[in-house]
>>> print(open('query05.pdb').read())   # PDB, C-alpha atoms and all ligand atoms
ATOM      1  CA  MET A   1     142.873 -20.092  40.247
ATOM      2  CA  LYS A   2     144.138 -22.835  42.525
ATOM      3  CA  ILE A   3     143.510 -26.315  41.152
ATOM      4  CA  THR A   4     144.070 -29.685  42.806
ATOM      5  CA  VAL A   5     144.428 -32.890  40.806
ATOM      6  CA  ILE A   6     144.131 -36.173  42.722
ATOM      7  CA  GLY A   7     146.016 -38.942  40.933
ATOM      8  CA  THR A   8     149.193 -38.056  39.060
ATOM      9  CA  GLY A   9     149.118 -40.725  36.355
ATOM     10  CA  TYR A  10     148.799 -40.245  32.600
ATOM     11  CA  VAL A  11     145.658 -38.167  32.876
ATOM     12  CA  GLY A  12     146.366 -36.291  36.118
ATOM     13  CA  LEU A  13     149.920 -35.293  35.235
ATOM     14  CA  VAL A  14     149.050 -34.070  31.746
ATOM     15  CA  THR A  15     145.944 -32.243  32.998
ATOM     16  CA  GLY A  16     147.760 -30.620  35.908
ATOM     17  CA  THR A  17     150.720 -29.568  33.784
ATOM     18  CA  CYS A  18     148.472 -27.985  31.137
ATOM     19  CA  PHE A  19     146.517 -26.058  33.788
ATOM     20  CA  ALA A  20     149.804 -24.803  35.279
ATOM     21  CA  GLU A  21     151.047 -23.770  31.832
ATOM     22  CA  MET A  22     147.796 -21.782  31.434
ATOM     23  CA  GLY A  23     148.733 -19.756  34.523
ATOM     24  CA  ASN A  24     146.930 -21.583  37.327
ATOM     25  CA  GLU A  25     148.448 -22.682  40.615
ATOM     26  CA  VAL A  26     148.279 -26.480  40.499
ATOM     27  CA  TYR A  27     148.802 -29.157  43.130
ATOM     28  CA  CYS A  28     149.166 -32.696  41.809
ATOM     29  CA  VAL A  29     148.502 -35.185  44.611
ATOM     30  CA  ASP A  30     149.368 -38.888  44.568
ATOM     31  CA  ILE A  31     149.625 -41.672  47.143
ATOM     32  CA  ASP A  32     152.671 -43.071  45.311
ATOM     33  CA  THR A  33     155.530 -41.497  47.277
ATOM     34  CA  ASN A  34     158.163 -42.637  44.759
ATOM     35  CA  LYS A  35     156.311 -41.026  41.870
ATOM     36  CA  ILE A  36     156.042 -37.718  43.739
ATOM     37  CA  LYS A  37     159.706 -37.866  44.778
ATOM     38  CA  HIS A  38     160.765 -38.427  41.166
ATOM     39  CA  LEU A  39     158.506 -35.715  39.762
ATOM     40  CA  LYS A  40     159.994 -33.210  42.201
ATOM     41  CA  LYS A  41     163.384 -34.077  40.679
ATOM     42  CA  GLY A  42     162.033 -33.555  37.169
ATOM     43  CA  ILE A  43     161.845 -37.285  36.409
ATOM     44  CA  VAL A  44     158.618 -37.812  34.431
ATOM     45  CA  PRO A  45     157.433 -41.452  34.361
ATOM     46  CA  ILE A  46     155.498 -41.220  31.070
ATOM     47  CA  TYR A  47     156.156 -39.878  27.602
ATOM     48  CA  GLU A  48     154.019 -37.217  25.979
ATOM     49  CA  PRO A  49     155.498 -34.673  23.564
ATOM     50  CA  ASP A  50     156.894 -31.635  25.490
ATOM     51  CA  LEU A  51     155.527 -32.923  28.810
ATOM     52  CA  GLU A  52     158.869 -33.256  30.621
ATOM     53  CA  GLU A  53     159.934 -29.761  29.567
ATOM     54  CA  LEU A  54     156.613 -28.268  30.715
ATOM     55  CA  VAL A  55     156.681 -30.151  34.032
ATOM     56  CA  ILE A  56     160.178 -28.894  34.835
ATOM     57  CA  LYS A  57     159.449 -25.335  33.703
ATOM     58  CA  ASN A  58     156.230 -24.996  35.707
ATOM     59  CA  TYR A  59     157.611 -26.794  38.762
ATOM     60  CA  LYS A  60     160.586 -24.419  38.844
ATOM     61  CA  ALA A  61     158.235 -21.439  38.445
ATOM     62  CA  GLY A  62     156.191 -22.661  41.434
ATOM     63  CA  ASP A  63     153.009 -23.055  39.383
ATOM     64  CA  LEU A  64     153.084 -26.848  39.448
ATOM     65  CA  ASN A  65     153.495 -28.605  42.787
ATOM     66  CA  PHE A  66     153.690 -32.280  43.712
ATOM     67  CA  THR A  67     152.623 -33.687  47.060
ATOM     68  CA  CYS A  68     151.391 -36.832  48.794
ATOM     69  CA  SER A  69     149.387 -34.660  51.184
ATOM     70  CA  LEU A  70     145.820 -33.965  50.120
ATOM     71  CA  LYS A  71     145.623 -31.446  52.953
ATOM     72  CA  GLU A  72     148.452 -29.447  51.382
ATOM     73  CA  GLY A  73     146.967 -29.868  47.916
ATOM     74  CA  LEU A  74     143.449 -28.835  48.858
ATOM     75  CA  ASN A  75     144.333 -25.833  50.996
ATOM     76  CA  ASN A  76     142.455 -22.850  49.473
ATOM     77  CA  SER A  77     141.733 -24.807  46.299
ATOM     78  CA  ASP A  78     138.891 -23.682  43.987
ATOM     79  CA  ILE A  79     138.516 -26.884  41.972
ATOM     80  CA  CYS A  80     139.553 -30.478  42.612
ATOM     81  CA  PHE A  81     139.827 -32.991  39.766
ATOM     82  CA  ILE A  82     139.662 -36.690  40.612
ATOM     83  CA  ALA A  83     141.955 -38.450  38.109
ATOM     84  CA  VAL A  84     142.653 -41.764  39.821
ATOM     85  CA  GLY A  85     142.506 -45.092  38.006
ATOM     86  CA  THR A  86     139.300 -47.011  37.270
ATOM     87  CA  PRO A  87     140.520 -50.527  36.401
ATOM     88  CA  MET A  88     138.091 -52.962  34.853
ATOM     89  CA  ASP A  89     136.124 -54.995  37.392
ATOM     90  CA  GLU A  90     135.506 -58.751  36.961
ATOM     91  CA  ASP A  91     132.239 -58.083  35.108
ATOM     92  CA  GLY A  92     133.831 -55.499  32.794
ATOM     93  CA  SER A  93     132.454 -52.463  34.624
ATOM     94  CA  ALA A  94     134.687 -49.696  35.982
ATOM     95  CA  ASP A  95     135.987 -50.360  39.496
ATOM     96  CA  LEU A  96     135.115 -47.191  41.425
ATOM     97  CA  HIS A  97     137.075 -48.193  44.516
ATOM     98  CA  TYR A  98     139.823 -45.589  43.966
ATOM     99  CA  VAL A  99     137.419 -42.834  42.932
ATOM    100  CA  LEU A 100     135.259 -43.287  46.030
ATOM    101  CA  ALA A 101     138.335 -43.536  48.283
ATOM    102  CA  ALA A 102     139.506 -40.200  46.862
ATOM    103  CA  ALA A 103     136.019 -38.722  47.400
ATOM    104  CA  LYS A 104     136.011 -39.880  51.019
ATOM    105  CA  GLU A 105     139.414 -38.292  51.548
ATOM    106  CA  ILE A 106     138.200 -35.034  49.988
ATOM    107  CA  GLY A 107     135.311 -34.961  52.466
ATOM    108  CA  GLN A 108     137.678 -35.608  55.360
ATOM    109  CA  THR A 109     140.116 -32.929  54.233
ATOM    110  CA  MET A 110     138.248 -30.029  52.614
ATOM    111  CA  SER A 111     137.816 -26.944  54.749
ATOM    112  CA  ASP A 112     135.884 -24.661  52.389
ATOM    113  CA  ASP A 113     133.499 -24.751  49.437
ATOM    114  CA  LEU A 114     134.923 -26.781  46.582
ATOM    115  CA  ILE A 115     133.997 -27.786  43.050
ATOM    116  CA  VAL A 116     134.813 -31.468  42.516
ATOM    117  CA  VAL A 117     135.177 -32.825  38.992
ATOM    118  CA  ASP A 118     135.218 -36.513  38.091
ATOM    119  CA  LYS A 119     137.958 -36.614  35.461
ATOM    120  CA  SER A 120     138.375 -40.391  35.709
ATOM    121  CA  THR A 121     136.379 -42.414  33.201
ATOM    122  CA  VAL A 122     133.271 -43.351  35.170
ATOM    123  CA  PRO A 123     129.721 -44.546  34.452
ATOM    124  CA  VAL A 124     126.674 -42.286  34.599
ATOM    125  CA  GLY A 125     125.587 -41.835  38.212
ATOM    126  CA  THR A 126     129.097 -41.706  39.656
ATOM    127  CA  ALA A 127     128.904 -37.973  40.421
ATOM    128  CA  ALA A 128     126.030 -38.703  42.836
ATOM    129  CA  LYS A 129     128.082 -41.447  44.530
ATOM    130  CA  VAL A 130     131.074 -39.120  44.817
ATOM    131  CA  LYS A 131     128.914 -36.378  46.278
ATOM    132  CA  LYS A 132     127.378 -38.816  48.773
ATOM    133  CA  ALA A 133     130.819 -40.065  49.875
ATOM    134  CA  ILE A 134     132.008 -36.485  50.399
ATOM    135  CA  ASN A 135     128.852 -35.415  52.226
ATOM    136  CA  GLU A 136     129.016 -38.409  54.579
ATOM    137  CA  GLU A 137     132.456 -37.260  55.709
ATOM    138  CA  LEU A 138     131.340 -33.626  56.025
ATOM    139  CA  LYS A 139     128.407 -34.790  58.147
ATOM    140  CA  LYS A 140     130.755 -36.683  60.474
ATOM    141  CA  LYS A 141     132.718 -33.440  60.916
ATOM    142  CA  GLY A 142     129.471 -31.526  61.486
ATOM    143  CA  VAL A 143     130.110 -29.085  58.641
ATOM    144  CA  ASN A 144     128.175 -28.187  55.503
ATOM    145  CA  TYR A 145     129.747 -26.470  52.517
ATOM    146  CA  ASN A 146     126.878 -25.303  50.349
ATOM    147  CA  SER A 147     128.480 -24.722  46.999
ATOM    148  CA  LEU A 148     129.874 -28.227  46.752
ATOM    149  CA  ARG A 149     129.121 -29.567  43.276
ATOM    150  CA  CYS A 150     130.192 -32.780  41.646
ATOM    151  CA  VAL A 151     130.311 -32.695  37.856
TER
HETATM  152  N1  LIG B   1     145.595 -43.036  30.197
HETATM  153  C1  LIG B   1     144.748 -42.560  29.295
HETATM  154  O1  LIG B   1     145.117 -42.312  28.115
HETATM  155  C2  LIG B   1     143.319 -42.258  29.638
HETATM  156  C3  LIG B   1     142.531 -41.612  28.692
HETATM  157  C4  LIG B   1     141.232 -41.280  29.012
HETATM  158  C5  LIG B   1     140.733 -41.571  30.262
HETATM  159  N2  LIG B   1     141.506 -42.216  31.184
HETATM  160  C6  LIG B   1     140.924 -42.459  32.509
HETATM  161  O2  LIG B   1     141.490 -41.550  33.441
HETATM  162  C7  LIG B   1     141.613 -42.188  34.724
HETATM  163  C8  LIG B   1     143.064 -42.175  35.152
HETATM  164  O3  LIG B   1     143.823 -42.925  34.217
HETATM  165  P1  LIG B   1     145.415 -42.920  34.214
HETATM  166  O4  LIG B   1     145.816 -43.656  33.007
HETATM  167  O5  LIG B   1     145.925 -41.543  34.457
HETATM  168  O6  LIG B   1     145.692 -43.830  35.521
HETATM  169  P2  LIG B   1     147.107 -44.125  36.216
HETATM  170  O7  LIG B   1     146.977 -45.496  36.796
HETATM  171  O8  LIG B   1     148.223 -43.815  35.283
HETATM  172  O9  LIG B   1     147.161 -43.050  37.392
HETATM  173  C9  LIG B   1     146.325 -43.068  38.499
HETATM  174  C10 LIG B   1     147.098 -42.485  39.672
HETATM  175  O10 LIG B   1     146.205 -42.298  40.757
HETATM  176  C11 LIG B   1     146.926 -42.527  41.946
HETATM  177  N3  LIG B   1     145.966 -42.722  43.043
HETATM  178  C12 LIG B   1     145.117 -43.757  43.273
HETATM  179  N4  LIG B   1     144.373 -43.512  44.377
HETATM  180  C13 LIG B   1     144.737 -42.296  44.837
HETATM  181  C14 LIG B   1     144.315 -41.477  45.933
HETATM  182  N5  LIG B   1     143.353 -41.869  46.796
HETATM  183  N6  LIG B   1     144.922 -40.295  46.126
HETATM  184  C15 LIG B   1     145.899 -39.869  45.290
HETATM  185  N7  LIG B   1     146.335 -40.590  44.221
HETATM  186  C16 LIG B   1     145.759 -41.780  43.998
HETATM  187  C17 LIG B   1     147.798 -43.729  41.618
HETATM  188  O11 LIG B   1     148.891 -43.840  42.516
HETATM  189  C18 LIG B   1     148.230 -43.383  40.188
HETATM  190  O12 LIG B   1     149.446 -42.648  40.174
HETATM  191  C19 LIG B   1     141.028 -43.585  34.534
HETATM  192  O13 LIG B   1     139.662 -43.525  34.890
HETATM  193  C20 LIG B   1     141.186 -43.848  33.067
HETATM  194  O14 LIG B   1     140.244 -44.777  32.592
HETATM  195  C21 LIG B   1     142.794 -42.558  30.908
END
>>> encode(input="query05.pdb", output="structure tokens")
Amino acid sequence: MKITVIGTGYVGLVTGTCFAEMGNEVYCVDIDTNKIKHLKKGIVPIYEPDLEELVIKNYKAGDLNFTCSLKEGLNNSDICFIAVGTPMDEDGSADLHYVLAAAKEIGQTMSDDLIVVDKSTVPVGTAAKVKKAINEELKKKGVNYNSLRCV
């Protein structure tokens, strides 16, 4: 299965690496060019037991890929996990700015049916907002992918 993970932070990197270790083809996407450059060299910015070893092993095997291009990451993907940050807003609620920006970009980029999973910590109702953001972009392109689901 081809899996895309948007956001290669603590959650995205660990999730993507575990999926690759399970035998999936994984693309970890991030807007932080430095982070992606370092990961391609095997430099892992966080510590989790065995993570660095698994990142290097799966990257070398071609099962784990790092890119700043969502187009490259989403090409022929079956599932896309959104794992971007949700910092606390002024009123204590989760700031969905990054999640909805990622959703918009998915809509602009996807070229086939896709299952989209909100992996970021988000309040109830966010899946509907993500779906709406994606569908607005699909509408602009004049396309309709029926099996789109946001979990
Ligand atoms: N860190 C944890 O232990 C933990 C545990 C449970 C849940 N969470 C939740 O998971 C989510 C991610 O947390 P984290 O700690 O991994 O965050 P993080 O800040 O470490 O990583 C987020 C990454 O997303 C990238 N990003 C932002 N917008 C992007 C976009 N449009 N396209 C591609 N990349 C983009 C950032 O550059 C960053 O590398 C949050 O909602 C957080 O609350 C975190």
>>> closest_residue(input="query05.pdb", among="A:Leu138, A:Leu13, A:Ala127, A:Leu96", to="A:Val29", atoms="all atoms listed in the file")
A:Leu13
>>> resolve_selection(input="query05.pdb", expression="the PyMOL selection byres (((not hetatm)) within 6 of (chain B and resi 1))", output="list in words")
Ile6, Gly7, Thr8, Gly9, Tyr10, Val11, Gly12, Val29, Asp30, Ile31, Asp32, Ala83, Val84, Gly85, Thr86, Tyr98, Ala101, Ala102, Ser120 and Thr121 of chain A
>>> closest_residue(input="query05.pdb", among="A:Ser77, A:Thr126, A:Asn135, A:Thr109", to="A:Asn24", atoms="all atoms listed in the file")
A:Ser77
>>> resolve_selection(input="query05.pdb", expression="the PyMOL selection byres (((chain A and resi 19-22) around 8) and not hetatm)", output="list in words")
Ile3, Thr15, Gly16, Thr17, Cys18, Gly23, Asn24, Glu25, Val26, Leu54, Asn58, Asp63 and Leu64 of chain A
>>> write_last_selection(input="query05.pdb", atoms="C-alpha atoms", output="PDB file, in the coordinates of the input")
ATOM      1  CA  ILE A   3     143.510 -26.315  41.152  1.00  0.00           C
ATOM      2  CA  THR A  15     145.944 -32.243  32.998  1.00  0.00           C
ATOM      3  CA  GLY A  16     147.760 -30.620  35.908  1.00  0.00           C
ATOM      4  CA  THR A  17     150.720 -29.568  33.784  1.00  0.00           C
ATOM      5  CA  CYS A  18     148.472 -27.985  31.137  1.00  0.00           C
ATOM      6  CA  GLY A  23     148.733 -19.756  34.523  1.00  0.00           C
ATOM      7  CA  ASN A  24     146.930 -21.583  37.327  1.00  0.00           C
ATOM      8  CA  GLU A  25     148.448 -22.682  40.615  1.00  0.00           C
ATOM      9  CA  VAL A  26     148.279 -26.480  40.499  1.00  0.00           C
ATOM     10  CA  LEU A  54     156.613 -28.268  30.715  1.00  0.00           C
ATOM     11  CA  ASN A  58     156.230 -24.996  35.707  1.00  0.00           C
ATOM     12  CA  ASP A  63     153.009 -23.055  39.383  1.00  0.00           C
ATOM     13  CA  LEU A  64     153.084 -26.848  39.448  1.00  0.00           C
TER      14      LEU A  64
END
>>> closest_residue(input="query05.pdb", among="A:Lys140, A:Glu90, A:Gly42, A:Tyr145", to="A:Lys57", atoms="all atoms listed in the file")
A:Gly42
>>> closest_residue(input="query05.pdb", among="A:Thr33, A:Ser111, A:Asn76, A:Asn144", to="A:Met1", atoms="all atoms listed in the file")
A:Asn76
>>> closest_residue(input="query05.pdb", among="A:Lys139, A:Asp118, A:Ile43, A:Gly73", to="A:Leu100", atoms="all atoms listed in the file")
A:Asp118
>>> build_atoms(input="query05.pdb", residues="stretch 40-56 of chain A", atoms="N, CA, C and O atoms", output="compact mmCIF listing (two decimals), keeping the file's coordinate frame")
# COMPACT_ATOMS: atom_id res chain seq x y z
N LYS A 40 159.36 -34.40 41.62
CA LYS A 40 159.99 -33.21 42.20
C LYS A 40 161.42 -33.03 41.69
O LYS A 40 161.96 -31.93 41.72
N LYS A 41 162.02 -34.15 41.24
CA LYS A 41 163.38 -34.08 40.68
C LYS A 41 163.35 -33.88 39.16
O LYS A 41 164.39 -33.93 38.50
N GLY A 42 162.14 -33.76 38.62
CA GLY A 42 162.03 -33.56 37.17
C GLY A 42 162.04 -34.85 36.39
O GLY A 42 162.20 -34.85 35.17
N ILE A 43 161.88 -35.99 37.10
CA ILE A 43 161.84 -37.28 36.41
C ILE A 43 160.38 -37.63 36.13
O ILE A 43 159.59 -37.87 37.05
N VAL A 44 160.02 -37.61 34.84
CA VAL A 44 158.62 -37.81 34.43
C VAL A 44 158.45 -39.26 33.99
O VAL A 44 159.15 -39.72 33.08
N PRO A 45 157.53 -40.01 34.62
CA PRO A 45 157.43 -41.45 34.36
C PRO A 45 156.75 -41.85 33.05
O PRO A 45 156.69 -43.01 32.73
N ILE A 46 156.20 -40.89 32.32
CA ILE A 46 155.50 -41.22 31.07
C ILE A 46 156.02 -40.32 29.95
O ILE A 46 156.62 -39.28 30.22
N TYR A 47 155.76 -40.75 28.71
CA TYR A 47 156.16 -39.88 27.60
C TYR A 47 154.94 -39.27 26.91
O TYR A 47 154.01 -39.98 26.51
N GLU A 48 154.95 -37.97 26.83
CA GLU A 48 154.02 -37.22 25.98
C GLU A 48 154.86 -36.09 25.41
O GLU A 48 155.70 -35.53 26.13
N PRO A 49 154.67 -35.73 24.15
CA PRO A 49 155.50 -34.67 23.56
C PRO A 49 155.50 -33.41 24.44
O PRO A 49 154.44 -32.94 24.85
N ASP A 50 156.68 -32.89 24.74
CA ASP A 50 156.89 -31.64 25.49
C ASP A 50 156.52 -31.71 26.97
O ASP A 50 156.66 -30.73 27.69
N LEU A 51 156.02 -32.87 27.42
CA LEU A 51 155.53 -32.92 28.81
C LEU A 51 156.65 -32.68 29.82
O LEU A 51 156.50 -31.86 30.74
N GLU A 52 157.78 -33.38 29.64
CA GLU A 52 158.87 -33.26 30.62
C GLU A 52 159.33 -31.80 30.74
O GLU A 52 159.49 -31.27 31.84
N GLU A 53 159.49 -31.16 29.59
CA GLU A 53 159.93 -29.76 29.57
C GLU A 53 158.93 -28.87 30.31
O GLU A 53 159.32 -27.99 31.11
N LEU A 54 157.65 -29.10 30.07
CA LEU A 54 156.61 -28.27 30.72
C LEU A 54 156.52 -28.54 32.21
O LEU A 54 156.29 -27.63 33.02
N VAL A 55 156.71 -29.80 32.60
CA VAL A 55 156.68 -30.15 34.03
C VAL A 55 157.81 -29.42 34.74
O VAL A 55 157.60 -28.75 35.76
N ILE A 56 159.01 -29.51 34.20
CA ILE A 56 160.18 -28.89 34.84
C ILE A 56 160.02 -27.37 34.89
O ILE A 56 160.24 -26.75 35.93
